[in-house]
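Heads up, upload_13.txt below (compact mmCIF, C-alpha atoms):
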# COMPACT_ATOMS: atom_id res chain seq x y z
CA MET Y 1 -59.00 4.27 13.55
CA GLU Y 2 -62.75 4.05 12.97
CA ALA Y 3 -64.12 2.36 9.89
CA THR Y 4 -65.39 4.76 7.25
CA GLY Y 5 -68.30 3.93 4.99
CA GLU Y 6 -68.98 0.58 6.64
CA ALA Y 7 -70.37 -0.47 10.01
CA ARG Y 8 -67.66 -1.70 12.35
CA HIS Y 9 -69.56 -4.85 13.28
CA ARG Y 10 -69.77 -5.92 9.64
CA GLN Y 11 -66.05 -5.35 9.21
CA ILE Y 12 -65.35 -7.48 12.30
CA ALA Y 13 -67.69 -10.19 11.04
CA ARG Y 14 -65.85 -10.23 7.72
CA GLU Y 15 -62.42 -10.55 9.32
CA LEU Y 16 -63.59 -13.47 11.45
CA ARG Y 17 -65.36 -15.04 8.46
CA ASN Y 18 -62.15 -14.82 6.46
CA GLU Y 19 -60.20 -16.53 9.25
CA ILE Y 20 -62.78 -19.31 9.48
CA GLU Y 21 -62.90 -19.90 5.73
CA ALA Y 22 -59.09 -19.76 5.50
CA GLY Y 23 -58.81 -22.42 8.20
CA ARG Y 24 -57.11 -20.23 10.80
CA LEU Y 25 -60.16 -20.80 13.00
CA ARG Y 26 -61.07 -24.48 12.68
CA PRO Y 27 -64.44 -26.27 12.94
CA GLY Y 28 -65.14 -27.02 16.60
CA GLN Y 29 -62.63 -24.43 17.85
CA LYS Y 30 -63.83 -22.27 20.71
CA LEU Y 31 -63.77 -18.56 19.98
CA PRO Y 32 -62.34 -16.02 22.43
CA SER Y 33 -64.83 -14.47 24.82
CA THR Y 34 -66.81 -11.43 23.80
CA ARG Y 35 -64.67 -9.20 26.01
CA ALA Y 36 -61.45 -10.72 24.64
CA LEU Y 37 -62.59 -10.10 21.08
CA ALA Y 38 -63.63 -6.56 21.99
CA ALA Y 39 -60.12 -5.95 23.31
CA GLN Y 40 -58.56 -7.41 20.15
CA PHE Y 41 -60.61 -5.19 17.86
CA GLY Y 42 -60.52 -2.13 20.13
CA VAL Y 43 -64.31 -1.83 20.38
CA SER Y 44 -67.07 -2.23 22.95
CA VAL Y 45 -68.87 -5.54 23.33
CA ALA Y 46 -71.88 -4.38 21.29
CA PRO Y 47 -70.17 -4.57 17.84
CA ILE Y 48 -68.80 -8.01 18.76
CA ASN Y 49 -72.26 -9.30 19.61
CA ASP Y 50 -73.63 -7.82 16.38
CA ALA Y 51 -70.79 -9.45 14.39
CA MET Y 52 -71.46 -12.80 16.06
CA ALA Y 53 -75.13 -12.53 15.16
CA ILE Y 54 -74.11 -12.24 11.49
CA LEU Y 55 -71.79 -15.25 11.71
CA GLU Y 56 -74.39 -17.34 13.53
CA LYS Y 57 -77.03 -16.43 10.95
CA ASP Y 58 -74.63 -17.53 8.20
CA GLY Y 59 -73.99 -20.85 9.96
CA LEU Y 60 -70.29 -20.23 10.62
CA VAL Y 61 -70.55 -19.91 14.40
CA VAL Y 62 -72.77 -21.74 16.90
CA THR Y 63 -73.33 -21.25 20.63
CA ARG Y 64 -73.04 -24.37 22.78
CA PRO Y 65 -74.03 -24.74 26.44
CA ARG Y 66 -71.00 -24.37 28.75
CA SER Y 67 -68.70 -24.00 25.72
CA GLY Y 68 -69.75 -20.60 24.46
CA ARG Y 69 -69.30 -19.71 20.81
CA VAL Y 70 -67.47 -22.21 18.59
CA VAL Y 71 -66.76 -22.47 14.87
CA SER Y 72 -69.48 -24.54 13.22
CA GLU Y 73 -68.65 -27.94 11.75
CA ALA Y 74 -70.46 -26.70 8.66
CA ALA Y 75 -67.58 -24.27 8.10
CA ALA Y 76 -65.31 -27.13 6.93
CA PRO Y 77 -64.49 -27.00 3.20
CA GLY Y 78 -65.83 -29.53 0.76
CA ALA Y 79 -63.72 -32.38 -0.57
CA PRO Y 80 -60.71 -31.18 -2.61
CA ARG Y 81 -61.23 -31.19 -6.34
CA ARG Y 82 -59.16 -33.64 -8.34
CA ARG Y 83 -56.34 -31.92 -10.19
CA THR Y 84 -56.70 -32.34 -13.93
CA GLY Y 85 -54.72 -31.20 -16.95
CA ARG Y 86 -51.83 -28.77 -16.61
CA PRO Y 87 -50.77 -27.50 -13.18
CA GLN Y 88 -52.05 -24.05 -12.31
CA VAL Y 89 -50.18 -21.25 -10.56
CA ILE Y 90 -52.38 -18.56 -9.04
CA TYR Y 91 -50.44 -15.45 -8.03
CA VAL Y 92 -52.35 -13.53 -5.35
CA GLY Y 93 -51.07 -10.01 -4.65
CA GLY Y 94 -52.22 -7.09 -2.53
CA TYR Y 95 -51.11 -4.51 -0.03
CA ALA Y 96 -50.39 -5.44 3.58
CA GLY Y 97 -53.63 -6.21 5.40
CA SER Y 98 -55.69 -6.61 2.23
CA GLY Y 99 -56.51 -10.24 3.01
CA LYS Y 100 -54.40 -11.90 0.31
CA THR Y 101 -53.19 -14.69 2.59
CA GLU Y 102 -56.73 -15.46 3.74
CA PHE Y 103 -57.86 -15.55 0.12
CA GLY Y 104 -54.94 -17.81 -0.81
CA ARG Y 105 -55.67 -20.18 2.07
CA THR Y 106 -59.32 -20.29 1.08
CA LEU Y 107 -58.35 -21.15 -2.49
CA ALA Y 108 -56.03 -23.88 -1.21
CA ARG Y 109 -58.70 -25.39 1.06
CA LEU Y 110 -61.22 -25.45 -1.77
CA SER Y 111 -58.84 -26.84 -4.40
CA GLY Y 112 -56.38 -29.00 -2.46
CA TRP Y 113 -53.51 -27.18 -4.18
CA ALA Y 114 -50.26 -26.17 -2.49
CA MET Y 115 -50.31 -22.90 -0.54
CA LEU Y 116 -47.04 -20.92 -0.71
CA ASP Y 117 -47.04 -17.68 1.28
CA LYS Y 118 -43.90 -15.56 1.00
CA ASP Y 119 -43.85 -14.57 4.66
CA THR Y 120 -44.35 -18.14 5.86
CA LEU Y 121 -41.49 -19.35 3.67
CA THR Y 122 -38.98 -16.59 4.33
CA ARG Y 123 -39.91 -14.47 7.35
CA SER Y 124 -37.58 -16.08 9.91
CA VAL Y 125 -34.59 -15.93 7.58
CA VAL Y 126 -35.39 -12.38 6.44
CA ASP Y 127 -35.75 -11.17 10.04
CA MET Y 128 -32.38 -12.69 10.94
CA ALA Y 129 -30.72 -11.29 7.80
CA LEU Y 130 -31.98 -7.77 8.50
CA THR Y 131 -30.75 -7.97 12.09
CA GLN Y 132 -27.35 -9.28 11.04
CA LEU Y 133 -27.07 -6.51 8.46
CA GLY Y 134 -27.60 -3.89 11.15
CA SER Y 135 -31.29 -3.18 10.66
CA THR Y 136 -34.38 -4.51 12.47
CA ALA Y 137 -36.96 -7.23 11.84
CA SER Y 138 -39.56 -4.52 11.18
CA ASP Y 139 -37.60 -3.09 8.24
CA ARG Y 140 -39.59 -3.51 5.04
CA GLU Y 141 -39.14 0.00 3.65
CA SER Y 142 -35.39 0.81 3.62
CA ALA Y 143 -32.99 0.59 0.68
CA LEU Y 144 -31.22 -2.23 2.54
CA TYR Y 145 -34.32 -4.38 2.47
CA LEU Y 146 -35.52 -3.35 -0.98
CA LYS Y 147 -32.18 -3.76 -2.77
CA GLN Y 148 -30.43 -6.57 -0.88
CA VAL Y 149 -33.01 -8.70 0.91
CA ARG Y 150 -36.24 -8.45 -1.06
CA PRO Y 151 -34.90 -9.88 -4.36
CA VAL Y 152 -33.61 -12.99 -2.56
CA GLU Y 153 -36.86 -13.32 -0.63
CA TYR Y 154 -38.94 -13.36 -3.82
CA GLU Y 155 -36.53 -15.75 -5.53
CA CYS Y 156 -37.07 -18.22 -2.68
CA LEU Y 157 -40.80 -18.06 -3.36
CA ALA Y 158 -40.22 -18.47 -7.11
CA ALA Y 159 -38.00 -21.50 -6.51
CA ALA Y 160 -40.66 -23.14 -4.32
CA ILE Y 161 -43.22 -22.53 -7.08
CA ARG Y 162 -40.97 -24.13 -9.69
CA GLU Y 163 -40.31 -27.12 -7.43
CA ASN Y 164 -44.03 -27.82 -6.99
CA VAL Y 165 -44.93 -27.23 -10.63
CA GLY Y 166 -42.10 -29.52 -11.67
CA CYS Y 167 -43.79 -32.24 -9.63
CA GLY Y 168 -47.11 -31.57 -11.34
CA VAL Y 169 -48.58 -29.79 -8.30
CA SER Y 170 -50.74 -26.68 -8.72
CA VAL Y 171 -49.82 -23.72 -6.51
CA ILE Y 172 -51.38 -20.68 -4.90
CA ALA Y 173 -48.60 -18.11 -4.26
CA THR Y 174 -49.30 -15.11 -2.02
CA ALA Y 175 -47.13 -12.02 -1.54
CA PRO Y 176 -47.55 -8.27 -2.04
CA PHE Y 177 -46.15 -8.61 -5.61
CA ILE Y 178 -46.50 -4.84 -6.07
CA LYS Y 179 -43.24 -4.41 -7.98
CA GLU Y 180 -43.76 -7.61 -9.95
CA PHE Y 181 -47.38 -6.93 -10.88
CA SER Y 182 -46.40 -3.47 -12.13
CA SER Y 183 -44.17 -4.99 -14.82
CA GLU Y 184 -45.54 -6.51 -18.00
CA ALA Y 185 -42.03 -7.81 -18.68
CA TRP Y 186 -42.10 -9.75 -15.39
CA PHE Y 187 -45.43 -11.28 -16.34
CA ARG Y 188 -44.16 -12.27 -19.78
CA ARG Y 189 -41.00 -13.89 -18.36
CA THR Y 190 -42.99 -15.73 -15.72
CA ALA Y 191 -45.63 -16.93 -18.18
CA VAL Y 192 -42.92 -18.30 -20.50
CA GLU Y 193 -41.10 -19.97 -17.62
CA LEU Y 194 -44.28 -21.64 -16.37
CA ASP Y 195 -45.30 -22.70 -19.87
CA THR Y 196 -41.90 -24.34 -20.26
CA LEU Y 197 -42.67 -26.29 -17.08
CA GLY Y 198 -46.10 -27.22 -18.44
CA ALA Y 199 -48.11 -24.90 -16.20
CA ASP Y 200 -50.58 -22.03 -16.65
CA MET Y 201 -50.63 -18.70 -14.80
CA THR Y 202 -53.56 -16.87 -13.21
CA VAL Y 203 -53.32 -13.48 -11.48
CA ALA Y 204 -55.52 -12.10 -8.69
CA TRP Y 205 -55.26 -8.72 -6.97
CA ILE Y 206 -56.94 -8.05 -3.61
CA ARG Y 207 -58.44 -4.63 -2.90
CA CYS Y 208 -59.96 -3.21 0.26
CA THR Y 209 -60.35 0.14 2.02
CA PRO Y 210 -57.54 1.66 4.08
CA GLU Y 211 -59.72 1.19 7.16
CA SER Y 212 -59.96 -2.54 6.51
CA MET Y 213 -56.21 -2.80 5.94
CA HIS Y 214 -55.49 -0.91 9.16
CA SER Y 215 -57.81 -3.20 11.11
CA TYR Y 216 -56.18 -6.38 9.75
CA ILE Y 217 -52.64 -5.12 10.35
CA THR Y 218 -53.36 -3.86 13.85
CA ARG Y 219 -54.98 -7.10 14.94
CA ARG Y 220 -52.30 -9.46 13.63
CA GLY Y 221 -49.61 -7.52 15.51
CA ALA Y 222 -46.69 -8.60 13.30
CA ALA Y 223 -43.29 -6.99 13.88
CA ARG Y 224 -42.87 -6.43 10.14
CA ASP Y 225 -45.85 -4.06 10.24
CA SER Y 226 -44.60 -1.80 13.05
CA TRP Y 227 -43.25 0.89 10.70
CA LYS Y 228 -46.50 0.93 8.73
CA LEU Y 229 -48.61 1.39 11.85
CA ALA Y 230 -46.30 4.04 13.29
CA HIS Y 231 -46.34 5.98 10.00
CA TRP Y 232 -49.79 5.00 8.75
CA ASP Y 233 -50.69 8.26 7.03
CA GLU Y 234 -47.36 8.31 5.20
CA TYR Y 235 -47.69 4.65 4.23
CA ILE Y 236 -51.25 4.77 2.98
CA THR Y 237 -50.64 8.02 1.07
CA GLY Y 238 -47.92 6.20 -0.87
CA ALA Y 239 -50.19 3.24 -1.67
CA ASP Y 240 -51.97 3.16 -5.01
CA LEU Y 241 -55.39 1.97 -3.90
CA GLU Y 242 -56.55 1.73 -7.52
CA PHE Y 243 -53.53 -0.35 -8.58
CA THR Y 244 -54.14 -2.66 -11.53
CA PRO Y 245 -51.74 -5.48 -12.51
CA ALA Y 246 -50.13 -5.16 -15.93
CA TRP Y 247 -51.61 -8.49 -17.05
CA GLU Y 248 -54.96 -10.18 -17.40
CA HIS Y 249 -56.23 -10.56 -13.85
CA THR Y 250 -59.10 -10.97 -11.43
CA ILE Y 251 -59.90 -8.24 -8.90
CA VAL Y 252 -61.01 -9.58 -5.52
CA THR Y 253 -62.62 -7.09 -3.14
CA ASN Y 254 -62.39 -7.58 0.60
CA ASP Y 255 -64.60 -4.98 2.28
CA ALA Y 256 -67.55 -5.45 4.60
CA ASP Y 257 -70.05 -5.14 1.75
CA SER Y 258 -68.09 -7.38 -0.69
CA PRO Y 259 -69.08 -10.97 -1.46
CA PRO Y 260 -67.40 -13.40 0.98
CA LEU Y 261 -63.87 -14.37 -0.03
CA ARG Y 262 -65.01 -17.99 -0.22
CA GLU Y 263 -67.57 -17.13 -2.92
CA GLN Y 264 -64.97 -15.20 -4.90
CA ALA Y 265 -62.48 -18.06 -4.49
CA GLN Y 266 -65.06 -20.59 -5.70
CA ALA Y 267 -65.78 -18.45 -8.76
CA LEU Y 268 -62.07 -18.21 -9.60
CA ILE Y 269 -61.52 -21.96 -9.25
CA LYS Y 270 -64.60 -22.69 -11.34
CA SER Y 271 -63.27 -20.44 -14.11
CA LEU Y 272 -60.08 -22.52 -14.16
CA MET Y 273 -61.93 -25.84 -14.13
CA ASP Y 274 -64.39 -25.00 -16.90

Since I need it in another form, could you write the structure as structure tokens?
Amino acid sequence: MEATGEARHRQIARELRNEIEAGRLRPGQKLPSTRALAAQFGVSVAPINDAMAILEKDGLVVTRPRSGRVVSEAAAPGAPRRRTGRPQVIYVGGYAGSGKTEFGRTLARLSGWAMLDKDTLTRSVVDMALTQLGSTASDRESALYLKQVRPVEYECLAAAIRENVGCGVSVIATAPFIKEFSSEAWFRRTAVELDTLGADMTVAWIRCTPESMHSYITRRGAARDSWKLAHWDEYITGADLEFTPAWEHTIVTNDADSPPLREQAQALIKSLMD
């Protein structure tokens, strides 16, 4: 699927930037070769070279003799900010491939707060449960998953949030949260629960184009995304790309022409610290 309304090399540069700023690609780490990256993104080598030129100009990637391209040491985050006052819980939601996990990881690296990603916490157990119940690990659309497995999955995330907040630790929680963010009642219950624990709630929703989502999902190659990729037109038609959470929130955009996720993360943290 070709990118629409944005040059492919800028989209590639943004995906790699997000991985660097989220810590998935670490300072000093050697990047795959140009041809390997071209194969990953399904493009010729020209867009990869153009994307690398952007990252080198921004100081995120450097070229070293005999080592090739590596992540710059300058890409390391600054020192974590000291936690003050009440613990914070930042709920980060978005459709699959929107970049919510990368944004959450960037927030965590900037703040030093706990990073709780639903898939990291529950994926292995959910995959096994779906298999044992007669489905497949890629099932994230059936009534079986939605009615029997999903509620337990989200409760595991909620319990981990409560555990951290109870210890005075601020949390960034990432998950699609589409059902939850559609419900003002859910927000009210959650806000009261967190207030009882002495914590405050912040909500962020990640938006990006279908082309960007498709690129992220294709490249990560996760089994849970196989249905989406095989039925992409059906999936994206059912997605509300203008979705707005039923609560005060921050919209984060993650397209090639959007501000870097790191800048948007810094702005969000600053708003909480002021």

For stretch 37-141 of chain Y versus stretch 148-160 of chain Y, which residues have an atom no more than 10 Å away, and what is each residue's nearest atom pair and distance in Å rounded to one decimal, using all atoms listed in the file, chain-then-number order, as CSV?
residue,atom,partner,partner_atom,distance
Y:Leu116,CA,Y:Leu157,CA,7.4
Y:Asp117,CA,Y:Leu157,CA,7.8
Y:Lys118,CA,Y:Leu157,CA,5.9
Y:Asp119,CA,Y:Glu153,CA,8.9
Y:Thr120,CA,Y:Leu157,CA,9.9
Y:Leu121,CA,Y:Leu157,CA,7.2
Y:Thr122,CA,Y:Glu153,CA,6.3
Y:Arg123,CA,Y:Glu153,CA,8.6
Y:Val125,CA,Y:Glu153,CA,8.9
Y:Val126,CA,Y:Val149,CA,7.1
Y:Asp127,CA,Y:Val149,CA,9.8
Y:Ala129,CA,Y:Val149,CA,7.7
Y:Leu130,CA,Y:Val149,CA,7.7
Y:Leu133,CA,Y:Val149,CA,9.9
Y:Arg140,CA,Y:Arg150,CA,8.5

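Excluding stretch 225-238 of chain Y itself and same-chain residues fewer than 6 positions from it, the residues having an atom within 8 Å of it are Ser138, Asp139, Pro210, His214, Ile217 and Thr218 of chain Y, counting all atoms listed in the file.
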
Margin query: For a test of reading the model, state the distance in Å between atom CA of Y:Arg105 and atom CA of Y:Gly28, rounded to one decimal.
Written below: 18.6 Å

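Nearest residue to Y:Ser67, choosing from Y:Ile206, Y:Val165, Y:Met115, Y:Leu31 and counting all atoms listed in the file: Y:Leu31.
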
Check: Which of these, Y:Glu56, Y:Glu263, Y:Glu141, Y:Asp255, has the shortest distance to Y:Glu211 once you count only C-alpha atoms?
Finding: Y:Asp255

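Nearest residue to Y:Thr190 among Y:Asp274, Y:Met213, Y:Glu242, Y:Ile90 is Y:Ile90, counting only C-alpha atoms.
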
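From atom CA of Y:Arg262 back to atom CA of Y:Ala22, the distance works out to 8.4 Å.
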
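Non-sequential neighbours of Y:Gly166 (distance at most 10 Å, separation of 3 or more positions within a chain, all atoms listed in the file) are Pro87, Ala160, Ile161, Arg162, Glu163, Val169, Ser170, Leu194, Leu197, Gly198 and Ala199 of chain Y.
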
Next item on the list: Find the residues with any atom within 6 Å of (-69.6, -7.2, 7.1); use all atoms listed in the file and the coordinates as given in the file, and write the answer as a ChimeraX atom specification.
Entry: /Y:10-11,13-14,256-257

Check: Nearest to Y:Ile251 among Y:Ala222, Y:Lys100, Y:Leu146, Y:Ala7, with distances taken over all atoms listed in the file: which residue is it?
Finding: Y:Lys100

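Here atom CA of Y:Ala175 stands at a distance of 28.7 Å from atom CA of Y:Ala39.
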
Notebook entry, point to check: Taking into account only C-alpha atoms, which residue in the set Y:Glu193, Y:Asp50, Y:Glu248, Y:Glu21 is nearest to Y:Gly104?
Noted result: Y:Glu21

Notebook entry, point to check: Counting all atoms listed in the file, which of Y:Thr174, Y:Ser72, Y:Asn18, Y:Ser271 gets nearest to Y:Ala114?
Noted result: Y:Thr174

Margin query: Taking 2 positions as the minimum chain separation for residues in the same chain, which residues sit within 7 Å of Y:Ile48 when counting only C-alpha atoms? Answer as number ranges by chain.
Written below: Y: 9, 34, 37-38, 45-46, 50-52

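Omitting Y:Glu73 and its sequence neighbours fewer than 6 positions away, and counting only C-alpha atoms, the residues within 10 Å are Arg26, Pro27, Gly28, Gln29, Gly59, Leu60, Val61 and Val62 of chain Y.
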
Next item on the list: Could you give me, as a PyMOL selection string, the residues that sit within 12 Å of (-53.8, -3.2, -11.4) in the file's coordinates, counting only C-alpha atoms?
Entry: chain Y and resi 93-95+177-184+203-207+240-252

Residues as selected, C-alpha atoms, written as a PDB file, in the coordinates of the input, can you do that?
ATOM      1  CA  GLY Y  93     -51.070 -10.010  -4.650  1.00  0.00           C
ATOM      2  CA  GLY Y  94     -52.220  -7.090  -2.530  1.00  0.00           C
ATOM      3  CA  TYR Y  95     -51.110  -4.510  -0.030  1.00  0.00           C
ATOM      4  CA  PHE Y 177     -46.150  -8.610  -5.610  1.00  0.00           C
ATOM      5  CA  ILE Y 178     -46.500  -4.840  -6.070  1.00  0.00           C
ATOM      6  CA  LYS Y 179     -43.240  -4.410  -7.980  1.00  0.00           C
ATOM      7  CA  GLU Y 180     -43.760  -7.610  -9.950  1.00  0.00           C
ATOM      8  CA  PHE Y 181     -47.380  -6.930 -10.880  1.00  0.00           C
ATOM      9  CA  SER Y 182     -46.400  -3.470 -12.130  1.00  0.00           C
ATOM     10  CA  SER Y 183     -44.170  -4.990 -14.820  1.00  0.00           C
ATOM     11  CA  GLU Y 184     -45.540  -6.510 -18.000  1.00  0.00           C
ATOM     12  CA  VAL Y 203     -53.320 -13.480 -11.480  1.00  0.00           C
ATOM     13  CA  ALA Y 204     -55.520 -12.100  -8.690  1.00  0.00           C
ATOM     14  CA  TRP Y 205     -55.260  -8.720  -6.970  1.00  0.00           C
ATOM     15  CA  ILE Y 206     -56.940  -8.050  -3.610  1.00  0.00           C
ATOM     16  CA  ARG Y 207     -58.440  -4.630  -2.900  1.00  0.00           C
ATOM     17  CA  ASP Y 240     -51.970   3.160  -5.010  1.00  0.00           C
ATOM     18  CA  LEU Y 241     -55.390   1.970  -3.900  1.00  0.00           C
ATOM     19  CA  GLU Y 242     -56.550   1.730  -7.520  1.00  0.00           C
ATOM     20  CA  PHE Y 243     -53.530  -0.350  -8.580  1.00  0.00           C
ATOM     21  CA  THR Y 244     -54.140  -2.660 -11.530  1.00  0.00           C
ATOM     22  CA  PRO Y 245     -51.740  -5.480 -12.510  1.00  0.00           C
ATOM     23  CA  ALA Y 246     -50.130  -5.160 -15.930  1.00  0.00           C
ATOM     24  CA  TRP Y 247     -51.610  -8.490 -17.050  1.00  0.00           C
ATOM     25  CA  GLU Y 248     -54.960 -10.180 -17.400  1.00  0.00           C
ATOM     26  CA  HIS Y 249     -56.230 -10.560 -13.850  1.00  0.00           C
ATOM     27  CA  THR Y 250     -59.100 -10.970 -11.430  1.00  0.00           C
ATOM     28  CA  ILE Y 251     -59.900  -8.240  -8.900  1.00  0.00           C
ATOM     29  CA  VAL Y 252     -61.010  -9.580  -5.520  1.00  0.00           C
TER      30      VAL Y 252
END

Check: Neighbours of Y:Asp200 within 8 Å (all atoms listed in the file; same-chain residues fewer than 4 positions away dropped), as a VMD selection string?
Finding: chain Y and resid 86 to 89 191 194 to 195
